[in-house]
file target25.cif (mmCIF, C-alpha atoms)
data_protein
loop_
_atom_site.label_atom_id
_atom_site.label_comp_id
_atom_site.auth_asym_id
_atom_site.auth_seq_id
_atom_site.Cartn_x
_atom_site.Cartn_y
_atom_site.Cartn_z
CA MET A 14 178.40 223.52 221.47
CA LYS A 15 178.04 227.02 220.08
CA LEU A 16 180.57 229.45 221.44
CA SER A 17 179.62 233.05 222.02
CA ARG A 18 181.48 235.84 220.26
CA THR A 19 183.20 236.85 223.48
CA ILE A 20 184.43 233.31 224.17
CA LYS A 21 185.79 233.03 220.63
CA GLU A 22 187.55 236.37 220.99
CA ARG A 23 189.11 235.35 224.26
CA LEU A 24 190.24 231.98 222.94
CA ALA A 25 191.89 233.68 219.97
CA ALA A 26 193.48 236.26 222.27
CA ALA A 27 194.79 233.54 224.60
CA ALA A 28 196.28 231.62 221.67
CA LEU A 29 198.00 234.72 220.32
CA ILE A 30 199.34 235.66 223.75
CA ALA A 31 200.83 232.17 223.98
CA VAL A 32 202.44 232.64 220.55
CA ALA A 33 203.76 236.06 221.61
CA VAL A 34 205.30 234.62 224.78
CA VAL A 35 206.97 231.86 222.75
CA LEU A 36 208.37 234.43 220.31
CA LEU A 37 209.66 236.58 223.16
CA LEU A 38 211.28 233.56 224.81
CA ILE A 39 212.98 232.54 221.58
CA GLY A 40 214.08 236.15 221.10
CA ALA A 41 215.47 236.27 224.63
CA LEU A 42 217.47 233.07 224.18
CA ARG A 43 218.61 233.30 220.58
CA THR A 44 222.10 234.38 219.61
CA HIS A 45 223.53 235.40 216.24
CA LYS A 46 226.94 234.80 214.72
CA ILE A 47 228.50 238.10 213.74
CA TYR A 48 231.66 237.77 211.66
CA ASP A 49 234.59 240.10 211.77
CA PRO A 50 235.21 241.35 208.23
CA VAL A 51 238.99 241.81 208.41
CA THR A 52 240.52 239.11 210.56
CA GLU A 53 240.62 236.13 208.25
CA GLU A 54 244.10 234.90 209.09
CA PHE A 55 245.40 231.47 208.10
CA GLY A 56 241.94 230.53 206.86
CA ILE A 57 240.35 231.14 210.27
CA VAL A 58 237.30 233.35 210.23
CA ALA A 59 236.67 235.18 213.49
CA PHE A 60 233.16 235.63 214.76
CA GLN A 61 231.37 236.31 217.97
CA ARG A 62 227.88 235.59 219.19
CA ILE A 63 225.56 238.42 220.11
CA SER A 64 222.10 238.26 221.61
CA GLU A 65 218.91 239.19 219.80
CA ARG A 66 218.75 242.31 221.96
CA GLU A 67 222.14 243.44 220.71
CA LEU A 68 221.21 242.62 217.13
CA VAL A 69 218.07 244.80 217.36
CA GLU A 70 220.26 247.77 218.29
CA ASP A 71 223.03 246.89 215.85
CA ALA A 72 220.64 246.31 212.97
CA THR A 73 218.75 249.54 213.43
CA PHE A 74 221.95 251.59 213.62
CA GLY A 75 223.79 249.95 210.74
CA GLY A 76 226.07 247.94 213.05
CA VAL A 77 225.82 244.79 210.92
CA ARG A 78 225.56 244.03 207.22
CA LEU A 79 224.52 240.96 205.29
CA ASP A 80 226.95 239.39 202.87
CA LYS A 81 226.42 236.00 201.22
CA GLY A 82 224.04 234.90 203.93
CA GLN A 83 226.30 235.87 206.82
CA LEU A 84 226.16 238.84 209.17
CA TYR A 85 229.29 240.97 209.42
CA THR A 86 230.03 243.64 211.96
CA THR A 87 230.69 247.14 210.66
CA TYR A 88 232.57 248.52 213.65
CA ASP A 89 235.12 247.58 216.29
CA ARG A 90 233.14 245.79 218.99
CA THR A 91 235.89 246.16 221.56
CA GLN A 92 235.34 249.91 221.71
CA PRO A 93 232.72 251.34 224.04
CA ARG A 94 229.69 252.83 222.34
CA GLY A 95 227.71 255.89 223.23
CA LYS A 96 224.48 257.07 221.71
CA ARG A 97 224.43 256.30 218.01
CA THR A 98 223.14 258.36 215.15
CA CYS A 99 220.75 257.46 212.39
CA PRO A 100 222.28 255.63 209.41
CA THR A 101 219.45 256.63 207.09
CA MET B 13 191.83 261.94 244.40
CA VAL B 14 189.86 259.19 242.69
CA ASN B 15 186.79 261.42 242.49
CA ALA B 16 188.88 264.25 241.05
CA TRP B 17 190.18 261.90 238.35
CA ARG B 18 186.64 260.77 237.56
CA ARG B 19 185.49 264.34 237.14
CA ILE B 20 188.00 264.93 234.36
CA SER B 21 186.51 264.36 230.93
CA LEU B 22 187.67 261.41 228.91
CA THR B 23 189.13 263.67 226.23
CA ALA B 24 191.15 265.58 228.82
CA LYS B 25 192.43 262.29 230.25
CA ARG B 26 193.48 261.17 226.79
CA ARG B 27 195.26 264.43 226.12
CA ALA B 28 197.05 264.16 229.46
CA VAL B 29 198.19 260.61 228.69
CA GLN B 30 199.29 261.66 225.18
CA PHE B 31 201.24 264.61 226.52
CA GLY B 32 202.81 262.50 229.26
CA SER B 33 203.84 259.82 226.77
CA LEU B 34 205.31 262.47 224.46
CA LEU B 35 207.52 263.66 227.31
CA LEU B 36 208.37 260.22 228.65
CA LEU B 37 209.21 258.69 225.27
CA HIS B 38 211.64 261.53 224.62
CA SER B 39 213.34 261.72 227.99
CA SER B 40 216.34 259.45 227.45
CA TRP B 41 219.33 261.60 228.33
CA GLY B 42 221.55 258.61 229.09
CA ALA B 43 220.17 255.11 229.42
CA GLU B 44 218.26 253.57 226.52
CA ALA B 45 216.17 250.49 225.88
CA LYS B 46 216.41 250.46 222.13
CA TRP B 47 216.30 246.69 221.97
CA LEU B 48 212.64 246.96 222.98
CA CYS B 49 210.04 247.90 220.39
CA LEU B 50 207.15 250.08 221.41
CA PRO B 51 204.56 250.00 218.63
CA VAL B 52 204.06 253.73 218.21
CA LEU B 53 205.50 255.95 215.49
CA ASN B 54 208.55 257.27 217.30
CA CYS B 55 211.91 257.17 215.54
CA HIS B 56 214.60 255.31 217.48
CA SER B 57 217.23 257.49 215.80
CA CYS B 58 216.04 260.41 217.89
CA GLN B 59 218.76 260.98 220.47
CA LEU B 60 216.19 261.28 223.25
CA ALA B 61 214.09 258.23 222.32
CA TRP B 62 213.96 255.37 224.81
CA PHE B 63 212.67 252.58 222.60
CA ALA B 64 213.05 251.14 219.12
CA CYS B 65 210.46 251.71 216.43
CA PRO B 66 209.07 248.35 215.26
CA ILE B 67 208.99 249.60 211.68
CA GLY B 68 212.70 250.42 211.78
CA VAL B 69 213.44 247.00 213.26
CA LEU B 70 211.33 245.20 210.65
CA VAL B 71 212.94 247.16 207.81
CA HIS B 72 216.46 246.35 208.98
CA TYR B 73 215.74 242.72 209.89
CA ALA B 74 214.12 242.24 206.48
CA GLY B 75 217.30 243.61 204.95
CA LEU B 76 219.38 241.17 207.01
CA HIS B 77 217.04 238.24 206.24
CA VAL B 78 216.59 237.52 209.94
CA PHE B 79 213.25 236.96 211.66
CA PRO B 80 212.71 239.59 214.40
CA PHE B 81 211.40 237.43 217.24
CA LEU B 82 211.55 240.13 219.91
CA ALA B 83 209.91 242.80 217.77
CA VAL B 84 207.12 240.55 216.48
CA GLY B 85 206.54 239.07 219.93
CA THR B 86 206.24 242.52 221.50
CA VAL B 87 203.88 243.84 218.84
CA LEU B 88 201.78 240.68 219.05
CA LEU B 89 201.52 240.84 222.83
CA LEU B 90 200.66 244.54 223.01
CA GLY B 91 198.30 244.19 220.04
CA VAL B 92 196.31 241.41 221.71
CA LEU B 93 196.17 243.30 224.99
CA GLY B 94 195.05 246.66 223.63
CA GLY B 95 194.49 246.59 219.90
CA ARG B 96 195.17 250.06 218.57
CA ILE B 97 194.85 251.74 221.94
CA LEU B 98 198.50 252.80 221.68
CA CYS B 99 197.58 254.73 218.51
CA GLY B 100 194.87 256.65 220.31
CA TRP B 101 196.48 257.22 223.67
CA VAL B 102 200.28 256.92 223.42
CA CYS B 103 201.57 257.61 219.90
CA PRO B 104 203.28 261.04 219.85
CA PHE B 105 202.68 261.42 216.13
CA GLY B 106 198.99 260.68 216.68
CA PHE B 107 198.96 263.36 219.36
CA LEU B 108 200.49 265.84 216.92
CA GLN B 109 197.81 264.96 214.37
CA ASP B 110 195.05 265.48 216.94
CA LEU B 111 196.43 268.92 217.79
CA LEU B 112 196.93 269.99 214.18
CA HIS B 113 193.39 269.00 213.28
CA LYS B 114 192.16 271.55 215.84
CA LEU B 115 193.55 274.34 213.66
CA PRO B 116 190.92 276.29 211.73
CA GLY B 117 190.59 275.71 208.01
CA PRO B 118 188.85 273.43 205.52
CA LYS B 119 188.05 269.95 206.82
CA PHE B 120 187.10 266.82 204.93
CA ARG B 121 186.83 263.09 205.41
CA LEU B 122 188.86 260.74 203.31
CA PRO B 123 187.07 258.04 201.32
CA ALA B 124 186.86 254.68 203.08
CA TRP B 125 189.00 252.87 200.51
CA THR B 126 192.05 254.97 201.42
CA SER B 127 192.36 253.11 204.70
CA TRP B 128 193.53 250.02 202.78
CA ILE B 129 196.62 251.81 201.48
CA LYS B 130 198.50 251.40 204.76
CA TYR B 131 198.50 247.61 204.42
CA ALA B 132 200.24 247.93 201.06
CA VAL B 133 202.69 250.39 202.63
CA LEU B 134 203.45 247.83 205.36
CA VAL B 135 203.96 244.91 203.01
CA VAL B 136 205.83 246.74 200.24
CA THR B 137 207.98 249.37 201.97
CA VAL B 138 208.58 247.67 205.31
CA LEU B 139 208.91 244.00 204.37
CA LEU B 140 209.18 243.29 200.65
CA LEU B 141 211.49 245.97 199.25
CA PRO B 142 213.94 245.94 202.17
CA PHE B 143 214.06 242.13 201.94
CA ILE B 144 214.84 242.23 198.22
CA LEU B 145 216.95 245.38 197.99
CA GLY B 146 218.43 245.61 201.49
CA ALA B 147 217.60 247.82 204.47
CA ALA B 148 219.41 250.79 202.95
CA THR B 149 217.10 250.92 199.95
CA LEU B 150 215.70 254.35 199.17
CA ALA B 151 212.26 252.76 198.93
CA SER B 152 211.99 251.66 202.57
CA PHE B 153 209.46 253.36 204.81
CA CYS B 154 212.17 254.84 207.04
CA ARG B 155 213.39 256.92 204.09
CA PHE B 156 210.18 258.92 203.96
CA CYS B 157 208.84 258.45 207.49
CA PRO B 158 207.38 261.79 208.65
CA ALA B 159 208.10 261.03 212.31
CA SER B 160 211.75 260.45 211.47
CA ALA B 161 211.78 263.68 209.45
CA LEU B 162 210.35 265.58 212.39
CA GLN B 163 212.48 264.02 215.13
CA VAL B 164 215.78 263.46 213.34
CA THR B 165 216.07 265.06 209.91
CA ALA B 166 214.70 268.50 210.74
CA PRO B 167 216.74 268.95 213.98
CA ARG B 168 219.87 267.78 212.17
CA LEU B 169 219.20 270.26 209.39
CA VAL B 170 218.82 273.03 211.94
CA GLY B 171 222.04 271.97 213.68
CA SER B 172 224.19 271.36 210.61
CA GLY B 173 222.67 273.78 208.14
CA ALA B 174 222.98 273.24 204.40
CA ALA B 175 225.72 270.64 204.92
CA ALA B 176 223.05 268.12 205.95
CA LEU B 177 220.88 268.82 202.92
CA SER B 178 220.55 266.10 200.31
CA ALA B 179 217.95 265.00 197.79
CA MET B 180 216.60 262.41 200.23
CA THR B 181 216.43 265.01 202.99
CA VAL B 182 214.36 267.25 200.76
CA VAL B 183 212.03 264.37 199.85
CA LYS B 184 211.65 263.37 203.48
CA LEU B 185 210.86 266.90 204.60
CA ALA B 186 208.45 267.38 201.70
CA VAL B 187 206.58 264.23 202.78
CA LEU B 188 206.47 265.61 206.32
CA VAL B 189 205.00 268.92 205.15
CA LEU B 190 202.40 267.16 203.00
CA VAL B 191 201.41 264.88 205.88
CA LEU B 192 201.11 267.80 208.30
CA LEU B 193 198.93 269.67 205.81
CA ALA B 194 196.78 266.60 205.25
CA VAL B 195 196.21 265.96 208.95
CA THR B 196 195.22 269.58 209.46
CA MET B 197 192.40 269.08 206.99
CA SER B 198 191.48 265.45 207.63
CA SER B 199 191.51 263.96 211.10
CA ARG B 200 194.25 261.37 211.64
CA ALA B 201 194.83 261.18 207.89
CA PHE B 202 198.29 259.68 208.31
CA CYS B 203 197.08 256.96 210.70
CA ARG B 204 194.22 256.16 208.39
CA VAL B 205 196.11 256.03 205.11
CA LEU B 206 199.84 255.48 205.59
CA CYS B 207 200.83 254.31 209.06
CA PRO B 208 202.33 250.80 208.88
CA ILE B 209 202.19 250.43 212.67
CA GLY B 210 198.45 251.04 212.51
CA ALA B 211 198.29 248.41 209.78
CA MET B 212 200.12 245.93 212.01
CA LEU B 213 197.92 246.58 215.04
CA ALA B 214 194.57 246.94 213.25
CA PRO B 215 193.66 243.23 212.98
CA PHE B 216 194.13 242.85 216.74
CA ASN B 217 191.19 245.19 217.30
CA TYR B 218 188.92 242.23 216.56
CA ILE B 219 190.15 240.15 219.47
CA SER B 220 191.92 242.55 221.83
CA LEU B 221 191.19 242.16 225.51
CA TRP B 222 190.52 245.91 225.75
CA LYS B 223 186.92 246.46 224.75
CA ILE B 224 184.83 249.59 224.65
CA ARG B 225 181.47 248.61 226.02
CA PRO B 226 178.61 249.69 223.75
CA PRO B 227 177.31 252.81 225.50
CA THR B 228 173.65 251.94 225.01
CA GLU B 229 171.39 249.01 224.20
CA HIS B 230 168.93 251.36 222.50
CA CYS B 231 170.94 252.96 219.72
CA ARG B 232 168.76 255.20 217.55
CA GLN B 233 171.43 255.77 214.90
CA CYS B 234 171.75 259.50 215.62
CA ALA B 235 175.28 259.41 214.14
CA ALA B 236 176.75 261.51 216.97
CA CYS B 237 179.43 258.85 217.43
CA ARG B 238 180.20 258.91 213.73
CA GLU B 239 180.73 262.66 213.85
CA ALA B 240 182.99 262.31 216.87
CA CYS B 241 185.08 259.44 215.52
CA PRO B 242 188.52 260.86 214.65
CA GLU B 243 189.10 258.02 212.21
CA GLY B 244 185.88 258.66 210.30
CA GLY B 245 184.55 255.25 211.27
CA ARG B 246 181.00 254.05 211.83
CA PRO B 247 180.93 252.97 215.48
CA GLY B 248 177.12 253.38 215.52
CA ASP B 249 176.72 250.30 213.34
CA ARG B 250 178.48 248.16 215.91
CA ILE B 251 176.83 249.85 218.88
CA ALA B 252 173.43 249.12 217.32
CA ALA B 253 174.46 245.49 216.90
CA GLY B 254 175.58 245.30 220.53
CA VAL B 255 179.20 244.83 219.52
CA ALA B 256 182.12 246.68 221.08
CA PRO B 257 182.69 249.83 218.97
CA ASN B 258 186.42 249.15 218.81
CA ARG B 259 185.91 245.90 216.92
CA ALA B 260 186.93 247.61 213.66
CA LEU B 261 190.22 247.90 211.82
CA ASP B 262 190.47 251.68 211.92
CA CYS B 263 189.36 252.27 215.50
CA ILE B 264 192.09 253.88 217.62
CA VAL B 265 190.20 253.11 220.85
CA CYS B 266 189.87 256.77 221.80
CA HIS B 267 186.46 256.16 223.47
CA GLU B 268 185.01 259.35 221.91
CA CYS B 269 182.00 257.39 220.60
CA GLN B 270 181.23 256.22 224.10
CA LYS B 271 181.52 259.76 225.44
CA VAL B 272 179.21 261.48 222.96
CA CYS B 273 176.41 258.90 222.88
CA PRO B 274 173.25 260.81 223.90
CA GLU B 275 171.43 257.60 224.79
CA ALA B 276 174.10 256.67 227.28
CA ASN B 277 174.18 260.16 228.70
CA THR B 278 170.41 260.27 229.24
CA SER B 279 170.11 256.79 230.66
CA GLY B 280 172.15 257.36 233.77
CA VAL B 281 175.54 256.77 232.19
CA SER B 282 177.15 260.13 232.55
CA GLU B 283 180.64 260.99 231.52
CA VAL B 284 181.62 262.43 234.87
CA LEU B 285 179.86 260.56 237.59
CA PRO B 286 177.16 257.92 237.66
CA THR B 287 173.68 259.03 238.64
CA LYS B 288 172.82 255.59 239.90
CA PRO B 289 174.91 252.89 241.51
CA GLY B 290 176.99 250.97 239.01
CA ALA B 291 176.18 253.23 236.08
CA ASN B 292 179.78 254.32 235.80
CA ASP B 293 180.69 250.74 234.95
CA ALA B 294 179.70 251.52 231.39
CA LEU B 295 182.64 253.84 231.16
CA ALA B 296 185.10 251.60 232.90
CA LEU B 297 188.00 250.83 230.61
CA SER B 298 187.70 247.20 231.41
CA SER B 299 188.39 243.97 229.67
CA GLU B 300 185.93 242.11 231.81
CA GLU B 301 182.81 242.97 229.88
CA THR B 302 180.60 240.61 227.96
CA LEU B 303 178.46 241.42 225.00
CA GLU B 304 175.91 238.69 225.01
#
call {"tool": "encode", "arguments": {"input": "target25.cif", "output": "structure tokens"}}
result
Amino acid sequence: MKLSRTIKERLAAAALIAVAVVLLLIGALRTHKIYDPVTEEFGIVAFQRISERELVEDATFGGVRLDKGQLYTTYDRTQPRGKRTCPT
Amino acid sequence: MVNAWRRISLTAKRRAVQFGSLLLLHSSWGAEAKWLCLPVLNCHSCQLAWFACPIGVLVHYAGLHVFPFLAVGTVLLLGVLGGRILCGWVCPFGFLQDLLHKLPGPKFRLPAWTSWIKYAVLVVTVLLLPFILGAATLASFCRFCPASALQVTAPRLVGSGAAALSAMTVVKLAVLVLVLLAVTMSSRAFCRVLCPIGAMLAPFNYISLWKIRPPTEHCRQCAACREACPEGGRPGDRIAAGVAPNRALDCIVCHECQKVCPEANTSGVSEVLPTKPGANDALALSSEETLE
């Protein structure tokens, strides 16, 4: 069976939409471990889990940094945040 | 109301949408949605921006060695739905380029090969270098992004004066000036040559659900569409082959080729109103068309 150009385009589009939905679902459900850089007391490393949404904002405003494969926060997460300025 | 909207030319509609998006994208006085990427060149560091820039997210996620599921999923979804229609109708920096190109002065078209540069820009300055050197590298796209220079660097310089001046600030502003000069002389030069968002969205033009219907079945290769194409493309080749004109990497789905086609305009497919029942369907911005 020979598929027309339009059918092929729509099949490809449908497949990519399915992939996009899967990516968005994973993004909505995924969490990241963010370590506190200063509270290593008695060998216990403190961390908290943040959602992908929070990481998008934190990453783009320099709120996390990568060190030896782990993400570390760069600010006090207990304090309320307002609008943030550009790190670059 | 509907008739009044139909009477407005396609170009005027596009300008209205571009102007509206410029205002809306920069209207965040309090709430923000900067976890959501909108694939247009609009710096999320702008205090009034609502959304995140996908390039900024990719640069920083590459630096953190984390896969950006939300950003990639959003770009993929919007890319499949509309291809580069956001470039033509929504992107504020594209709107600025369209306006600047209206200024009088020398005009020229860039050679076709220059349109491949943006893919290298995407791979090298958005993905590769930030991944290897970290998001803060001076070689990332954000460091010389002209939209960021216009929305963030220049206002900060005005507000803080010489205190905000650094070598990188000077470089960033110099890139902005060069880009603005280039787009004055060559239509959409930045989109065509450097824009990494355009590079990300371009492949989706081949399968996007948004299709520009070929305006005529009897193309006589008059090249009117080629003259009208802001990207310097060759929509006539695809129209002659009965393929949607936006099935090309550099098409920004502006519909100008459809508007200027003399064959369409003399065969009952007018820009304003149809002269026979159903003729206006050719101008419908629909995804329901077939090309067989």
call {"tool": "residues_around", "arguments": {"input": "target25.cif", "residues": "range 91-106 of chain B", "least_positions_apart": "5", "cutoff": "6 Å", "atoms": "only C-alpha atoms", "output": "PyMOL selection string"}}
result
(chain A and resi 26) or (chain B and resi 26+30+33-34+52+213+216-217+220-222+264-266)
call {"tool": "atom_distance", "arguments": {"input": "target25.cif", "atom1": "CA of Arg66 in chain A", "atom2": "CA of Leu53 in chain B"}}
result
20.1 Å
call {"tool": "closest_residue", "arguments": {"input": "target25.cif", "among": "B:Ala194, B:Leu50, B:Ile219, B:Leu145", "to": "chain A", "atoms": "all atoms listed in the file"}}
result
B:Ile219
call {"tool": "residues_around", "arguments": {"input": "target25.cif", "residues": "Ala33 in chain A", "least_positions_apart": "6", "cutoff": "7 Å", "atoms": "only C-alpha atoms", "output": "ChimeraX atom specification"}}
result
/B:85-86,88-89
call {"tool": "resolve_selection", "arguments": {"input": "target25.cif", "expression": "the PyMOL selection byres ((chain A) within 9 of (chain B))", "output": "ChimeraX atom specification"}}
result
/A:17-19,21-27,29-41,43,65-70,72-75,77-80,82-84,95-101
call {"tool": "closest_residue", "arguments": {"input": "target25.cif", "among": "B:Pro118, B:Pro257, B:Gly245, B:Pro158", "to": "Ala186 in chain B", "atoms": "all atoms listed in the file"}}
result
B:Pro158
call {"tool": "residues_near_point", "arguments": {"input": "target25.cif", "point": "(230.9, 232.6, 217.2)", "cutoff": "9 Å", "atoms": "only C-alpha atoms", "output": "PDB file with C-alpha atoms, in the coordinates of the input"}}
result
ATOM      1  CA  HIS A  45     223.530 235.400 216.240  1.00  0.00           C
ATOM      2  CA  LYS A  46     226.940 234.800 214.720  1.00  0.00           C
ATOM      3  CA  ILE A  47     228.500 238.100 213.740  1.00  0.00           C
ATOM      4  CA  TYR A  48     231.660 237.770 211.660  1.00  0.00           C
ATOM      5  CA  ALA A  59     236.670 235.180 213.490  1.00  0.00           C
ATOM      6  CA  PHE A  60     233.160 235.630 214.760  1.00  0.00           C
ATOM      7  CA  GLN A  61     231.370 236.310 217.970  1.00  0.00           C
ATOM      8  CA  ARG A  62     227.880 235.590 219.190  1.00  0.00           C
ATOM      9  CA  ILE A  63     225.560 238.420 220.110  1.00  0.00           C
TER      10      ILE A  63
END
call {"tool": "atom_distance", "arguments": {"input": "target25.cif", "atom1": "CA of Ala24 in chain B", "atom2": "CA of Ala124 in chain B"}}
result
28.3 Å
call {"tool": "atom_distance", "arguments": {"input": "target25.cif", "atom1": "CA of Arg200 in chain B", "atom2": "CA of Lys184 in chain B"}}
result
19.3 Å
